[in-house]
$ cat model.txt   # compact mmCIF, C-alpha atoms
# COMPACT_ATOMS: atom_id res chain seq x y z
CA MET A 219 5.71 25.01 -27.42
CA GLY A 220 8.78 26.38 -29.16
CA ASN A 221 8.35 29.66 -27.30
CA GLU A 222 8.36 28.08 -23.89
CA ARG A 223 11.12 29.43 -21.66
CA SER A 224 13.21 27.52 -19.16
CA ALA A 225 11.94 27.53 -15.60
CA PHE A 226 12.78 25.44 -12.60
CA ARG A 227 11.83 24.97 -9.00
CA ALA A 228 14.59 24.18 -6.61
CA GLY A 229 15.53 22.12 -3.64
CA ASN A 230 14.58 22.39 -0.04
CA PRO A 231 10.80 22.23 0.61
CA PHE A 232 11.02 25.44 2.62
CA CYS A 233 13.69 27.04 0.46
CA ALA A 234 12.53 29.20 -2.44
CA LEU A 235 15.05 30.32 -4.99
CA VAL A 236 13.84 33.09 -7.27
CA LEU A 237 15.54 34.93 -10.04
CA VAL A 238 15.24 38.35 -8.39
CA SER A 239 18.14 39.44 -6.24
CA LYS A 240 15.95 41.31 -3.77
CA TRP A 241 13.94 38.19 -2.97
CA LYS A 242 16.62 35.56 -3.43
CA GLY A 243 18.22 36.17 -0.06
CA ARG A 244 14.97 36.66 1.80
CA LEU A 245 13.24 33.62 0.45
CA SER A 246 16.21 31.28 0.28
CA LYS A 247 15.30 29.66 3.61
CA VAL A 248 11.63 29.15 3.06
CA GLY A 249 9.84 28.37 -0.09
CA ALA A 250 9.39 26.41 -3.18
CA SER A 251 10.12 27.70 -6.60
CA VAL A 252 12.20 29.26 -9.29
CA SER A 253 10.63 30.17 -12.63
CA SER A 254 11.88 31.64 -15.84
CA TRP A 255 12.71 35.28 -16.33
CA CYS A 256 10.44 36.63 -19.05
CA SER A 257 11.91 40.02 -19.86
CA GLY A 258 9.41 40.68 -22.60
CA THR A 259 6.55 40.63 -20.13
CA PHE A 260 8.33 43.00 -17.80
CA GLN A 261 9.20 45.37 -20.61
CA MET A 262 5.58 45.40 -21.69
CA THR A 263 4.57 46.84 -18.34
CA GLY A 264 7.04 49.70 -18.62
CA LYS A 265 7.55 49.80 -14.87
CA CYS A 266 7.37 47.81 -11.66
CA VAL A 267 3.73 46.87 -11.09
CA GLY A 268 4.16 47.16 -7.35
CA GLN A 269 4.49 50.93 -7.63
CA ARG A 270 1.39 53.09 -7.62
CA PRO A 271 1.17 54.97 -10.94
CA ARG A 272 0.60 58.70 -11.12
CA VAL A 273 -2.93 59.64 -12.22
CA ALA A 274 -1.91 60.79 -15.69
CA GLU A 275 0.28 57.71 -16.15
CA GLY A 276 -2.53 55.41 -15.06
CA ARG A 277 -4.95 57.00 -17.54
CA ALA A 278 -2.49 56.60 -20.37
CA GLU A 279 -2.01 52.94 -19.47
CA ALA A 280 -5.76 52.38 -19.38
CA ARG A 281 -6.11 53.74 -22.92
CA SER A 282 -3.28 51.56 -24.19
CA THR A 283 -4.71 48.35 -22.77
CA GLY A 284 -8.36 48.91 -23.62
CA TRP A 285 -9.37 48.56 -19.96
CA HIS A 286 -10.37 51.43 -17.70
CA PHE A 287 -7.65 50.43 -15.28
CA PRO A 288 -3.88 50.96 -15.13
CA ARG A 289 -1.80 48.27 -16.76
CA SER A 290 -0.71 46.88 -13.39
CA VAL A 291 -4.36 45.80 -12.99
CA SER A 292 -5.34 45.20 -16.62
CA LEU A 293 -2.56 42.69 -17.22
CA PHE A 294 -4.30 40.18 -14.95
CA PHE A 295 -7.75 40.41 -16.55
CA PRO A 296 -9.97 38.51 -17.13
CA VAL A 297 -8.85 35.66 -14.87
CA PHE A 298 -8.39 37.93 -11.85
CA PRO A 299 -11.27 40.46 -11.54
CA TYR A 300 -10.44 43.63 -9.62
CA ARG A 301 -11.68 44.31 -6.09
CA SER A 302 -10.78 47.38 -4.07
CA ARG A 303 -11.73 45.85 -0.71
CA HIS A 304 -8.97 44.83 1.67
CA LEU A 305 -8.75 41.26 2.92
CA ASP A 306 -9.90 42.15 6.41
CA GLU A 307 -13.09 43.58 4.92
CA GLU A 308 -13.96 40.23 3.32
CA PHE A 309 -12.48 37.86 5.89
CA GLN A 310 -12.03 37.56 9.61
CA ASP A 311 -9.91 35.35 11.89
CA ILE A 312 -7.10 35.52 9.34
CA GLU A 313 -4.12 33.27 10.11
CA ILE A 314 -0.92 32.63 8.16
CA ILE A 315 -0.60 28.87 7.77
CA ALA A 316 2.09 28.40 5.12
CA LYS A 317 4.57 30.14 2.87
CA GLY A 318 4.47 30.18 -0.90
CA SER A 319 7.21 31.51 -3.16
CA LEU A 320 5.20 34.63 -4.01
CA GLY A 321 3.45 35.31 -0.70
CA PRO A 322 1.73 33.69 2.29
CA ILE A 323 -1.09 31.17 2.36
CA LEU A 324 -3.88 32.08 4.75
CA LYS A 325 -6.61 30.37 6.68
CA ALA A 326 -9.53 32.80 6.84
CA ARG A 327 -13.23 32.85 7.70
CA GLN A 328 -15.34 34.64 5.09
CA ARG A 329 -17.62 37.22 6.65
CA MET A 330 -20.45 36.52 4.22
CA ASP A 331 -20.97 32.79 4.82
CA GLU A 332 -18.87 32.19 7.98
CA LYS A 333 -17.03 29.33 6.25
CA ILE A 334 -13.26 28.75 6.48
CA TYR A 335 -11.18 28.88 3.31
CA ALA A 336 -7.54 28.74 2.26
CA VAL A 337 -6.46 31.93 0.50
CA LYS A 338 -3.24 31.91 -1.52
CA VAL A 339 -1.68 35.38 -1.77
CA MET A 340 0.76 36.33 -4.55
CA LEU A 341 2.63 39.59 -5.03
CA LYS A 342 1.90 40.96 -8.50
CA VAL A 343 5.34 42.54 -8.74
CA GLU A 344 6.95 39.11 -8.34
CA VAL A 345 4.66 37.50 -10.91
CA ILE A 346 5.84 40.08 -13.45
CA ARG A 347 9.51 39.99 -12.41
CA GLN A 348 9.64 36.23 -12.68
CA GLY A 349 7.90 36.23 -16.07
CA ILE A 350 5.10 33.91 -14.98
CA LEU A 351 2.06 36.04 -15.83
CA GLN A 352 0.54 33.69 -18.42
CA GLN A 353 1.65 30.64 -16.46
CA CYS A 354 -0.15 32.01 -13.40
CA LYS A 355 -3.35 32.57 -15.37
CA ASP A 356 -3.25 29.18 -17.06
CA GLY A 357 -2.64 27.36 -13.79
CA VAL A 358 -5.69 28.75 -12.00
CA VAL A 359 -7.94 28.22 -15.04
CA ILE A 360 -6.85 24.58 -15.24
CA GLN A 361 -7.31 23.94 -11.52
CA LYS A 362 -10.70 25.64 -11.48
CA ASN A 363 -11.90 23.41 -14.32
CA VAL A 364 -10.62 20.12 -12.86
CA VAL A 365 -13.29 18.52 -10.71
CA HIS A 366 -12.06 15.37 -8.95
CA PRO A 367 -12.27 14.03 -5.38
CA PHE A 368 -8.47 14.19 -5.08
CA VAL A 369 -8.00 17.78 -6.32
CA GLN A 370 -8.25 20.79 -4.03
CA GLY A 371 -11.25 22.84 -5.16
CA LEU A 372 -10.37 26.29 -6.50
CA LEU A 373 -13.36 28.52 -5.86
CA GLU A 374 -12.48 32.01 -7.10
CA CYS A 375 -9.64 34.37 -7.98
CA TRP A 376 -9.36 38.15 -7.78
CA GLN A 377 -6.84 40.97 -7.49
CA THR A 378 -6.25 44.12 -5.50
CA SER A 379 -3.81 46.90 -6.34
CA HIS A 380 -0.78 44.84 -5.33
CA LEU A 381 -1.95 41.26 -4.84
CA LEU A 382 -3.42 38.27 -6.62
CA LEU A 383 -5.67 36.11 -4.43
CA ILE A 384 -6.92 32.57 -4.95
CA LYS A 385 -9.59 31.12 -2.66
CA CYS A 386 -9.66 27.34 -2.26
CA ASP A 387 -11.28 24.70 -0.10
CA TYR A 388 -9.50 24.53 3.24
CA GLN A 389 -7.79 21.29 4.23
CA GLY A 390 -6.86 21.43 7.90
CA ALA A 391 -4.43 18.52 8.24
CA GLY A 392 -1.40 20.06 6.53
CA ASP A 393 0.42 18.53 3.60
CA LEU A 394 2.20 15.28 2.88
CA HIS A 395 5.64 16.79 3.41
CA ARG A 396 4.82 17.88 6.95
CA LEU A 397 3.44 14.43 7.68
CA TRP A 398 6.62 12.88 6.29
CA VAL A 399 8.84 15.15 8.39
CA GLU A 400 6.84 14.18 11.47
CA SER A 401 6.55 10.44 10.79
CA LYS A 402 9.25 9.36 8.29
CA PRO A 403 9.52 6.79 7.03
CA LEU A 404 5.84 5.97 6.47
CA PRO A 405 4.66 2.34 6.66
CA GLU A 406 3.98 0.66 3.33
CA SER A 407 0.32 0.10 4.15
CA ARG A 408 -0.28 3.83 4.56
CA MET A 409 1.81 4.77 1.54
CA ARG A 410 -0.13 2.25 -0.57
CA VAL A 411 -3.33 4.24 -0.17
CA PHE A 412 -1.55 7.52 -0.95
CA ALA A 413 -0.01 5.89 -4.04
CA ALA A 414 -3.39 4.69 -5.32
CA GLU A 415 -5.00 8.08 -4.78
CA LEU A 416 -2.15 9.97 -6.44
CA GLY A 417 -2.01 7.55 -9.35
CA SER A 418 -5.76 7.95 -9.75
CA ILE A 419 -5.59 11.73 -10.08
CA ILE A 420 -2.45 11.77 -12.25
CA GLY A 421 -4.10 9.35 -14.67
CA PHE A 422 -7.28 11.44 -14.67
CA LEU A 423 -5.33 14.61 -15.47
CA HIS A 424 -3.44 12.95 -18.31
CA ASP A 425 -6.66 11.55 -19.81
CA SER A 426 -8.02 15.13 -19.60
CA GLY A 427 -5.06 16.46 -21.57
CA ILE A 428 -3.23 18.03 -18.61
CA ILE A 429 0.32 17.49 -17.34
CA HIS A 430 0.91 18.73 -13.77
CA ARG A 431 4.74 19.08 -13.84
CA ASP A 432 5.12 19.67 -10.09
CA VAL A 433 4.02 16.49 -8.33
CA LYS A 434 5.71 16.62 -4.92
CA MET A 435 4.87 16.13 -1.25
CA GLU A 436 4.37 19.85 -0.62
CA ASN A 437 1.63 19.94 -3.27
CA VAL A 438 -0.32 17.08 -1.71
CA LEU A 439 -2.69 18.31 0.99
CA LEU A 440 -4.41 16.03 3.48
CA ASN A 441 -8.05 16.34 4.51
CA GLU A 442 -9.39 15.75 7.99
CA ARG A 443 -9.71 12.00 7.27
CA GLY A 444 -6.11 11.73 6.08
CA HIS A 445 -6.79 11.40 2.33
CA ILE A 446 -5.01 13.41 -0.33
CA MET A 447 -5.85 16.56 -2.30
CA LEU A 448 -3.48 17.54 -5.13
CA THR A 449 -2.98 21.30 -5.43
CA ASP A 450 -0.81 24.01 -7.03
CA PHE A 451 -1.33 23.81 -10.78
CA GLY A 452 1.00 26.76 -11.37
CA LEU A 453 3.27 24.75 -13.70
CA SER A 454 0.59 22.63 -15.31
CA ARG A 455 -0.35 22.96 -18.96
CA ARG A 456 -2.57 21.44 -21.57
CA LEU A 457 -0.78 18.55 -23.25
CA GLN A 458 -2.62 15.97 -25.31
CA TYR A 459 -1.24 12.47 -25.85
CA GLY A 460 1.38 12.59 -28.58
CA GLU A 461 2.40 16.17 -27.81
CA ARG A 462 5.68 17.17 -26.16
CA ALA A 463 6.68 19.98 -23.79
CA LEU A 464 10.07 21.68 -23.65
CA THR A 465 10.09 23.88 -20.55
CA ILE A 466 12.56 22.83 -17.85
CA CYS A 467 10.33 23.13 -14.81
CA GLY A 468 9.34 21.36 -11.62
CA THR A 469 11.01 20.86 -8.25
CA MET A 470 14.64 19.86 -8.59
CA GLN A 471 14.74 16.48 -6.85
CA TYR A 472 11.46 15.40 -8.49
CA MET A 473 12.34 16.30 -12.09
CA ALA A 474 12.61 13.47 -14.61
CA PRO A 475 15.94 13.01 -16.43
CA GLU A 476 14.48 14.08 -19.77
CA VAL A 477 13.19 17.31 -18.21
CA LEU A 478 16.59 18.04 -16.66
CA ARG A 479 18.26 17.48 -20.05
CA GLY A 480 15.97 19.95 -21.78
CA SER A 481 14.72 17.21 -24.11
CA PRO A 482 11.11 17.11 -25.35
CA TYR A 483 9.01 15.26 -22.76
CA ASN A 484 5.44 14.12 -22.17
CA HIS A 485 3.14 12.91 -19.38
CA SER A 486 5.65 10.24 -18.40
CA ALA A 487 7.56 12.93 -16.45
CA ASP A 488 4.72 13.10 -13.89
CA TRP A 489 5.04 9.37 -13.22
CA TRP A 490 8.77 9.77 -12.53
CA SER A 491 7.89 12.49 -9.99
CA LEU A 492 5.38 10.13 -8.39
CA GLY A 493 8.11 7.47 -8.14
CA VAL A 494 10.40 9.94 -6.33
CA LEU A 495 7.59 10.87 -3.95
CA LEU A 496 6.73 7.26 -3.09
CA TYR A 497 10.39 6.31 -2.69
CA THR A 498 10.89 9.22 -0.29
CA LEU A 499 7.86 8.36 1.81
CA VAL A 500 9.03 4.81 2.55
CA ALA A 501 12.80 5.38 2.57
CA GLY A 502 12.79 8.52 4.70
CA LYS A 503 15.09 10.27 2.20
CA TYR A 504 15.13 11.36 -1.44
CA PRO A 505 16.59 8.89 -3.94
CA VAL A 506 18.94 11.69 -5.07
CA ASP A 507 19.44 14.82 -2.96
CA PRO A 508 18.63 18.13 -4.70
CA GLU A 509 21.21 20.38 -6.33
CA VAL A 510 21.11 24.12 -6.94
CA ASP A 511 20.43 23.94 -10.70
CA HIS A 512 19.19 21.44 -13.24
CA THR A 513 22.61 20.87 -14.83
CA LEU A 514 24.18 19.78 -11.55
CA MET A 515 21.07 17.79 -10.69
CA LEU A 516 21.26 15.89 -13.98
CA SER A 517 24.95 15.17 -13.50
CA LYS A 518 24.32 13.87 -10.00
CA LEU A 519 21.40 11.73 -11.14
CA GLU A 520 23.46 10.19 -13.95
CA ARG A 521 26.19 9.26 -11.45
CA THR A 522 23.77 7.70 -8.96
CA ARG A 523 22.29 4.25 -9.17
CA VAL A 524 18.71 4.51 -7.89
CA ASP A 525 17.80 1.15 -6.39
CA PRO A 526 14.65 0.46 -4.33
CA PRO A 527 15.18 0.90 -0.59
CA PRO A 528 16.19 -2.41 1.01
CA VAL A 529 13.43 -2.12 3.61
CA VAL A 530 10.49 -2.37 1.19
CA SER A 531 8.57 -5.40 -0.04
CA GLN A 532 9.50 -7.03 -3.32
CA SER A 533 6.29 -5.85 -5.03
CA LEU A 534 6.87 -2.24 -3.98
CA GLY A 535 10.49 -2.50 -5.08
CA PHE A 536 9.32 -3.54 -8.54
CA LEU A 537 6.84 -0.67 -8.68
CA LEU A 538 9.49 1.91 -7.75
CA SER A 539 11.90 0.49 -10.32
CA GLU A 540 9.27 0.77 -13.05
CA LEU A 541 8.42 4.36 -12.11
CA LEU A 542 12.05 5.44 -11.74
CA CYS A 543 13.13 4.10 -15.11
CA GLU A 544 15.35 6.67 -16.85
CA GLU A 545 14.00 5.84 -20.30
CA PRO A 546 10.56 7.52 -20.64
CA GLN A 547 9.34 4.99 -23.21
CA ARG A 548 9.98 2.08 -20.83
CA ARG A 549 8.77 3.87 -17.69
CA LEU A 550 5.44 2.90 -16.16
CA HIS A 551 3.27 5.77 -17.38
CA ARG A 552 -0.36 4.63 -17.65
CA LEU A 553 -3.01 4.40 -14.97
CA ASP A 554 -4.41 1.07 -16.20
CA VAL A 555 -0.97 -0.55 -15.88
CA PHE A 556 -0.26 1.21 -12.57
CA SER A 557 -3.58 0.14 -10.99
CA GLU A 558 -3.07 -3.49 -12.03
CA HIS A 559 0.40 -3.71 -10.50
CA ARG A 560 0.72 -6.51 -7.96
CA PHE A 561 1.59 -4.01 -5.23
CA PHE A 562 -2.08 -2.90 -5.37
CA ARG A 563 -3.56 -6.39 -5.53
CA GLY A 564 -7.03 -6.37 -3.95
CA LEU A 565 -7.23 -2.55 -3.83
CA SER A 566 -9.91 -0.74 -5.82
CA PHE A 567 -8.94 2.50 -7.57
CA ASP A 568 -12.45 3.87 -7.43
CA PRO A 569 -12.06 7.31 -5.74
CA GLU A 570 -15.16 6.90 -3.58
CA LEU A 571 -14.01 3.51 -2.30
CA LEU A 572 -10.47 4.80 -1.68
CA GLN A 573 -11.84 7.66 0.39
CA GLN A 574 -13.70 5.19 2.59
CA LEU A 575 -10.53 3.32 3.56
CA PRO A 576 -9.50 3.92 7.17
CA ILE A 577 -6.25 5.86 7.32
CA GLU A 578 -4.57 7.64 10.19
CA ALA A 579 -5.16 11.38 9.89
CA PRO A 580 -2.34 13.66 11.05
CA ASP A 581 -2.83 15.70 14.18
CA PRO A 582 -2.80 19.40 13.16
CA GLY A 583 -1.57 20.27 16.63
CA HIS A 584 1.73 18.53 15.85
CA LEU A 585 2.42 20.53 12.69
CA PRO A 586 5.36 22.95 12.76
CA PRO A 587 4.27 26.50 13.67
CA PRO A 588 4.33 28.88 10.66
CA ALA A 589 6.73 31.20 12.48
CA LEU A 590 9.50 28.67 11.87
CA TYR A 591 9.50 29.37 8.16
CA LEU A 592 7.95 32.86 7.92
CA ALA A 593 10.51 34.73 10.00
CA ASP A 594 12.38 36.19 7.01
CA PHE A 595 9.36 37.17 4.93
CA ASP A 596 9.22 40.78 3.67
CA TRP A 597 5.86 42.19 4.76
CA GLU A 598 6.32 45.74 3.48
CA ALA A 599 4.31 45.18 0.28
CA LEU A 600 1.41 43.66 2.23
CA ARG A 601 1.13 46.26 4.97
CA ASP A 602 -1.78 48.16 3.34
CA GLU A 603 -3.72 45.14 2.12
CA GLY A 604 -5.36 44.03 5.37
CA LEU A 605 -3.10 41.05 6.05
CA PRO A 606 -1.92 40.23 9.56
CA GLN A 607 1.76 40.91 10.16
CA ALA A 608 4.06 38.07 11.18
CA GLY A 609 4.75 37.95 14.86
$ encode --input "model.txt" --output "structure tokens"
Amino acid sequence: MGNERSAFRAGNPFCALVLVSKWKGRLSKVGASVSSWCSGTFQMTGKCVGQRPRVAEGRAEARSTGWHFPRSVSLFFPVFPYRSRHLDEEFQDIEIIAKGSLGPILKARQRMDEKIYAVKVMLKVEVIRQGILQQCKDGVVIQKNVVHPFVQGLLECWQTSHLLLIKCDYQGAGDLHRLWVESKPLPESRMRVFAAELGSIIGFLHDSGIIHRDVKMENVLLNERGHIMLTDFGLSRRLQYGERALTICGTMQYMAPEVLRGSPYNHSADWWSLGVLLYTLVAGKYPVDPEVDHTLMLSKLERTRVDPPPVVSQSLGFLLSELLCEEPQRRLHRLDVFSEHRFFRGLSFDPELLQQLPIEAPDPGHLPPPALYLADFDWEALRDEGLPQAG
């Protein structure tokens, strides 16, 4: 824990800020995240992993790592097995449906079983440059091992020469942020179901010794019946009750005060993020608008009095106040207390029963076209990997 490095995710849902000057300008209008620079990891590689090594160089790297592969491949073992096949050899009907900070997210039909999957694509060179190699591995291992009705299923991971790929269950109704943009503010009755489902999975993760650290609308997918699927465990880590984390990470406007301060924190930080999410759904705006770094964000948060929106019911107002309590020890941070709150009176937290509740599913045809936020993406590194080019 003492060796954890600072990392943070910033601002605008479609606005990624990364710590690499080449990508900072290109991604500043689109994405999601900023993570720590881990120079030691980059120095270990000896060169940019996006470059193809000379034969002699590759052999020397293979001997030094103990794998019969160049280091640009070996670094990602064993979580990401190597495959030489291009994407278009494994999948057909490939579409770009979203934009991550390290590459596109695809909808693709697998040739072998004819089923549709979501495939997250990450550029290996960016994983190394941003110092998130171990974080990337840990995140997919955690997500793959979490089995819950409200978690997006992670099916397999692999790598090619330049890319990391993660295949997940496909959810065709977009994410909660897109729904919010289309429909904000959401009615309390609809938000109440989302709140119960999110509280259910956050409590499950914490009881399993996992803190998510990036609970936000963009990481909540919706299935065809309108119910939630939590995804993107890239910042999650194992954290048992009584332990503390130190890394400054998350998405700026969702980060708890103790995280912004750089103080030791625990699972309570996820419940603050949930409070921000629920407040935003019903108010149509964030309780505190994002800033460009965590210092400015903390200063702004300390100057702002976060009161429940005047339009909500008294019971919801109390719930938001308890979640958005600046003192972690006094903050609502346990599922048993959350589920018994009077805002949820008469609502079962059993996942199967929650999934049976009627809820309006979003119309995928009304979602913003990917071209709106993929226009500035740099496709040069993906040209030889069988991905469709933006157009």
$ residues_around --input "model.txt" --residues "region 551-556 of chain A" --least-positions-apart "6" --cutoff "7 Å" --atoms "only C-alpha atoms" --output "list in words"
Gly417, Ser418, Gly421, Ser486 and Trp489 of chain A
$ closest_residue --input "model.txt" --among "A:Val365, A:Ser401, A:Met330, A:Leu382" --to "Gly502 (chain A)" --atoms "only C-alpha atoms"
A:Ser401
$ atom_distance --input "model.txt" --atom1 "CA of Leu453 (chain A)" --atom2 "CA of Val359 (chain A)"
11.8 Å
$ closest_residue --input "model.txt" --among "A:Val506, A:Ile446, A:Val291, A:Ile334" --to "Met409 (chain A)" --atoms "all atoms listed in the file"
A:Ile446
$ closest_residue --input "model.txt" --among "A:Gln377, A:Ser517, A:Ser426, A:Gln348" --to "Val297 (chain A)" --atoms "only C-alpha atoms"
A:Gln377
$ residues_around --input "model.txt" --residues "Glu578 (chain A)" --least-positions-apart "6" --cutoff "10 Å" --atoms "all atoms listed in the file" --output "PyMOL selection string"
chain A and resi 408+442-445
$ atom_distance --input "model.txt" --atom1 "CA of Asp432 (chain A)" --atom2 "CA of Val529 (chain A)"
27.0 Å
$ closest_residue --input "model.txt" --among "A:Gly480, A:Pro296, A:Gly357, A:Gly321" --to "Gly452 (chain A)" --atoms "all atoms listed in the file"
A:Gly357
$ closest_residue --input "model.txt" --among "A:Glu570, A:Asp525, A:Asp356, A:Asp507" --to "Ile428 (chain A)" --atoms "all atoms listed in the file"
A:Asp356
$ residues_near_point --input "model.txt" --point "(-6.6, -0.8, -6.5)" --cutoff "10 Å" --atoms "only C-alpha atoms" --output "MDAnalysis selection string"
chainID A and resid 410:411 413:415 417:418 556:569 571:572
$ atom_distance --input "model.txt" --atom1 "CA of Val369 (chain A)" --atom2 "CA of Val438 (chain A)"
9.0 Å
$ closest_residue --input "model.txt" --among "A:Ala316, A:Leu416, A:Met470, A:Ala487" --to "Leu514 (chain A)" --atoms "all atoms listed in the file"
A:Met470
$ residues_around --input "model.txt" --residues "Pro546 (chain A)" --least-positions-apart "3" --cutoff "12 Å" --atoms "only C-alpha atoms" --output "MDAnalysis selection string"
chainID A and resid 474:477 481:490 540:543 549:552
